[in-house]
Amino acid sequence: MTTAVIVDAIRTPSGRGKPGGALSAEHPVDLLATVLQGLLSRHDLDPSTIDDVMAGCVTQSGQQAVNIARNAILAAGLPESIPGTTIDRQCGSSQQAAHFAAQSVMAGVNDVVIACGVELMSSHPIGQATLGQAGLSPMLHERYPEGLVHQGISAELIAARWGLDRDDLDVYAALSHARASAADFGSEILPIGNLSTDETIRPGTSADGLAGLSPAFFDQQIADRFPEITWRVTAGNSSPLTDGASAVLIMSEERSAAFGLTPRARFHSFAVVGSDPIEMLTGIIPATHRVLARSGIRLDQLDSIEVNEAFASVALAWLHEFPVDPALVNPRGGAIALGHALGSSGTRLLTTLVNHLDTTGGRYGLHVMCEGGGMANATLIERF
């Protein structure tokens, strides 16, 4: 089978996903187009050799509607012959784009593919695409008569199930900001206008400071339905609304050699699972088991691990289940500090993982992502 390699990976800085955020005035099509241009400008690569562009985007409405991948290709001035498709696997959308891109190369269908993602949550908040109780189909309502819940409630259920108290969550959140504040992201960030660093990082964040925040998702009906919840999840120990885009250049090892390009890593193994849609965010646990079983790589062989910090409770639940050195998990901070621009997060985490492996000389890296509706993706890469 053909080997699929990562030649390069870049991202925008993370902007605060609310009006007035540093990227909030950007059009999402143009933001993604700028990243595509930036990725290609780093290499002497004829754009006409690109077989496809696969983009993740969750809220596919408004300016993000009508296949943003194709629109970004055209906005970037790339050849009209390049097709594009937009993927929604919720928070794992661009990670799934990377899977599809790599798998198409491994199957011999494509030689060169860009996997990417974008989300402007300042103008396209996640609530725009929420199914909601009123939107449940009759058959779905028959299976879940009490209704589905949003991810904040799932994060609370996870905190209750794993016995995570408020201090656990706040200490972890403060650590995310501390690690991100200490990290150097210069090699992976494409500046946008005057923004060259992540706007979402809050240096000096402390657990004591976070302790003053109120629970973000309290709802009396939910409290009656789930009495085990004690309301520990706040805005401070959750990922913030974020604007951003990211992209990864993927091709066959043979084609990279023919172009005189040096690949940075190869795709080793993939997994995707479904999980309970009420608890929703725990699919990262079976996804991790599955990708390790398929790869033959042991947990103690991993040099760096990215577990998306949608909520502190999610990352801590993963750490409770897997006996690894916590220092290996999100070593540059996670989404609590770096933001979670939904459709961009998969390729953003992959970008950070590749760059961290390069910096530290590590060999194997794992990236897992919890997803709305009860799913998760896992990607295992090997640095060259």
# chains A, B, ... in the order shown; residues from 1 in each chain; ligands from 1
call {"tool": "select_by_dssp", "arguments": {"residues": "region 243-343 of chain A", "states": "strand (DSSP E or B)", "output": "ChimeraX atom specification"}}
result
/A:243-252,265-274,302-307,311,329
call {"tool": "select_by_dssp", "arguments": {"residues": "region 112-174 of chain A", "states": "helix (DSSP H, G or I)", "output": "MDAnalysis selection string"}}
result
chainID A and resid 126:129 133:135 138:143 151:161 166:174
call {"tool": "write_last_selection", "arguments": {"atoms": "C-alpha atoms", "output": "PDB file, in the first residue's frame"}}
result
ATOM      1  CA  ILE A 126     -22.384  26.522  17.386  1.00  0.00           C
ATOM      2  CA  GLY A 127     -26.015  27.133  18.344  1.00  0.00           C
ATOM      3  CA  GLN A 128     -26.862  27.893  14.708  1.00  0.00           C
ATOM      4  CA  ALA A 129     -26.517  24.207  13.932  1.00  0.00           C
ATOM      5  CA  GLN A 133     -35.412  18.864  21.132  1.00  0.00           C
ATOM      6  CA  ALA A 134     -37.856  20.430  18.676  1.00  0.00           C
ATOM      7  CA  GLY A 135     -35.745  19.215  15.756  1.00  0.00           C
ATOM      8  CA  PRO A 138     -40.098  11.090  15.201  1.00  0.00           C
ATOM      9  CA  MET A 139     -37.911   7.972  14.944  1.00  0.00           C
ATOM     10  CA  LEU A 140     -35.008   9.614  16.790  1.00  0.00           C
ATOM     11  CA  HIS A 141     -37.386  10.867  19.467  1.00  0.00           C
ATOM     12  CA  GLU A 142     -38.781   7.370  19.821  1.00  0.00           C
ATOM     13  CA  ARG A 143     -35.298   6.052  20.601  1.00  0.00           C
ATOM     14  CA  GLN A 151     -22.040  19.010  25.053  1.00  0.00           C
ATOM     15  CA  GLY A 152     -21.849  21.068  28.244  1.00  0.00           C
ATOM     16  CA  ILE A 153     -24.219  18.621  29.927  1.00  0.00           C
ATOM     17  CA  SER A 154     -22.147  15.720  28.589  1.00  0.00           C
ATOM     18  CA  ALA A 155     -19.047  17.309  30.141  1.00  0.00           C
ATOM     19  CA  GLU A 156     -20.896  17.457  33.469  1.00  0.00           C
ATOM     20  CA  LEU A 157     -21.914  13.800  33.187  1.00  0.00           C
ATOM     21  CA  ILE A 158     -18.286  12.857  32.540  1.00  0.00           C
ATOM     22  CA  ALA A 159     -17.114  14.841  35.579  1.00  0.00           C
ATOM     23  CA  ALA A 160     -19.686  12.998  37.692  1.00  0.00           C
ATOM     24  CA  ARG A 161     -18.853   9.543  36.319  1.00  0.00           C
ATOM     25  CA  ARG A 166     -14.261  21.447  40.610  1.00  0.00           C
ATOM     26  CA  ASP A 167     -10.654  21.874  41.724  1.00  0.00           C
ATOM     27  CA  ASP A 168      -9.520  19.046  39.416  1.00  0.00           C
ATOM     28  CA  LEU A 169     -11.070  20.839  36.447  1.00  0.00           C
ATOM     29  CA  ASP A 170      -9.749  24.284  37.320  1.00  0.00           C
ATOM     30  CA  VAL A 171      -6.210  23.071  38.067  1.00  0.00           C
ATOM     31  CA  TYR A 172      -6.130  21.310  34.711  1.00  0.00           C
ATOM     32  CA  ALA A 173      -7.457  24.403  32.898  1.00  0.00           C
ATOM     33  CA  ALA A 174      -4.809  26.618  34.501  1.00  0.00           C
TER      34      ALA A 174
END
call {"tool": "closest_atom_pairs", "arguments": {"of": "region 307-349 of chain A", "to": "region 99-123 of chain A", "cutoff": "8 Å", "atoms": "only C-alpha atoms", "output": "Markdown table"}}
result
| residue | atom | partner | partner_atom | distance |
| --- | --- | --- | --- | --- |
| A:Ala341 | CA | A:Glu119 | CA | 5.2 |
| A:Leu342 | CA | A:Glu119 | CA | 6.0 |
| A:Gly343 | CA | A:Gly117 | CA | 5.1 |
| A:Ser344 | CA | A:Gly117 | CA | 3.9 |
| A:Ser345 | CA | A:Gly117 | CA | 7.3 |
| A:Gly346 | CA | A:Gly117 | CA | 7.6 |
| A:Thr347 | CA | A:Cys116 | CA | 6.1 |
call {"tool": "residues_around", "arguments": {"residues": "Gln63 (chain A)", "least_positions_apart": "6", "cutoff": "9 Å", "atoms": "only C-alpha atoms", "output": "VMD selection string"}}
result
chain A and resid 27 to 29 123 to 124
call {"tool": "write_last_selection", "arguments": {"atoms": "N, CA and C atoms", "output": "short mmCIF file (atom, residue, chain, number, x, y, z; two decimals), in the first residue's frame"}}
result
data_model
loop_
_atom_site.label_atom_id
_atom_site.label_comp_id
_atom_site.auth_asym_id
_atom_site.auth_seq_id
_atom_site.Cartn_x
_atom_site.Cartn_y
_atom_site.Cartn_z
N HIS A 27 -13.80 37.10 6.47
CA HIS A 27 -14.79 36.20 5.86
C HIS A 27 -14.21 34.79 5.95
N PRO A 28 -14.98 33.80 6.42
CA PRO A 28 -14.40 32.46 6.59
C PRO A 28 -13.83 31.87 5.30
N VAL A 29 -14.43 32.18 4.16
CA VAL A 29 -13.88 31.70 2.89
C VAL A 29 -12.49 32.26 2.68
N SER A 123 -19.13 34.74 14.17
CA SER A 123 -20.30 35.03 13.33
C SER A 123 -21.14 33.80 13.04
N HIS A 124 -20.62 32.61 13.37
CA HIS A 124 -21.34 31.36 13.13
C HIS A 124 -21.29 30.51 14.40
#
call {"tool": "atom_distance", "arguments": {"atom1": "CA of Pro326 (chain A)", "atom2": "CA of His367 (chain A)"}}
result
14.6 Å
call {"tool": "atom_distance", "arguments": {"atom1": "CA of Leu302 (chain A)", "atom2": "CA of Phe384 (chain A)"}}
result
14.4 Å
call {"tool": "closest_residue", "arguments": {"among": "A:Met54, A:Ala182, A:Leu31, A:Val273", "to": "Gly15 (chain A)", "atoms": "only C-alpha atoms"}}
result
A:Leu31
call {"tool": "closest_residue", "arguments": {"among": "A:Ala271, A:Ala180, A:Ala72, A:Val66", "to": "Gly204 (chain A)", "atoms": "only C-alpha atoms"}}
result
A:Ala180
call {"tool": "closest_residue", "arguments": {"among": "A:Gln96, A:Ile284, A:Ala247, A:Leu210", "to": "Ala235 (chain A)", "atoms": "only C-alpha atoms"}}
result
A:Leu210
call {"tool": "closest_residue", "arguments": {"among": "A:Gln64, A:Asn330, A:Ser275, A:Thr379", "to": "Leu175 (chain A)", "atoms": "only C-alpha atoms"}}
result
A:Asn330
call {"tool": "closest_residue", "arguments": {"among": "A:Thr3, A:Ala207, A:Ala293, A:Gly372", "to": "His150 (chain A)", "atoms": "only C-alpha atoms"}}
result
A:Gly372
call {"tool": "residues_around", "arguments": {"residues": "Arg266 (chain A)", "least_positions_apart": "2", "cutoff": "6 Å", "atoms": "only C-alpha atoms", "output": "list in words"}}
result
Ala4, Val5, Ile6, Ile381 and Glu382 of chain A
call {"tool": "write_last_selection", "arguments": {"atoms": "N, CA and C atoms", "output": "compact mmCIF listing (two decimals), in the first residue's frame"}}
result
# COMPACT_ATOMS: atom_id res chain seq x y z
N ALA A 4 1.17 7.42 2.88
CA ALA A 4 0.71 8.81 2.86
C ALA A 4 1.52 9.60 3.87
N VAL A 5 2.09 10.71 3.42
CA VAL A 5 2.97 11.50 4.27
C VAL A 5 2.45 12.92 4.45
N ILE A 6 2.87 13.52 5.56
CA ILE A 6 2.59 14.93 5.83
C ILE A 6 3.82 15.72 5.44
N ILE A 381 0.44 9.01 14.05
CA ILE A 381 1.43 9.37 13.04
C ILE A 381 2.82 8.99 13.51
N GLU A 382 3.73 8.86 12.56
CA GLU A 382 5.12 8.56 12.85
C GLU A 382 5.99 9.61 12.17
call {"tool": "closest_residue", "arguments": {"among": "A:Arg11, A:Thr200, A:Leu380, A:Leu241", "to": "His268 (chain A)", "atoms": "only C-alpha atoms"}}
result
A:Leu380
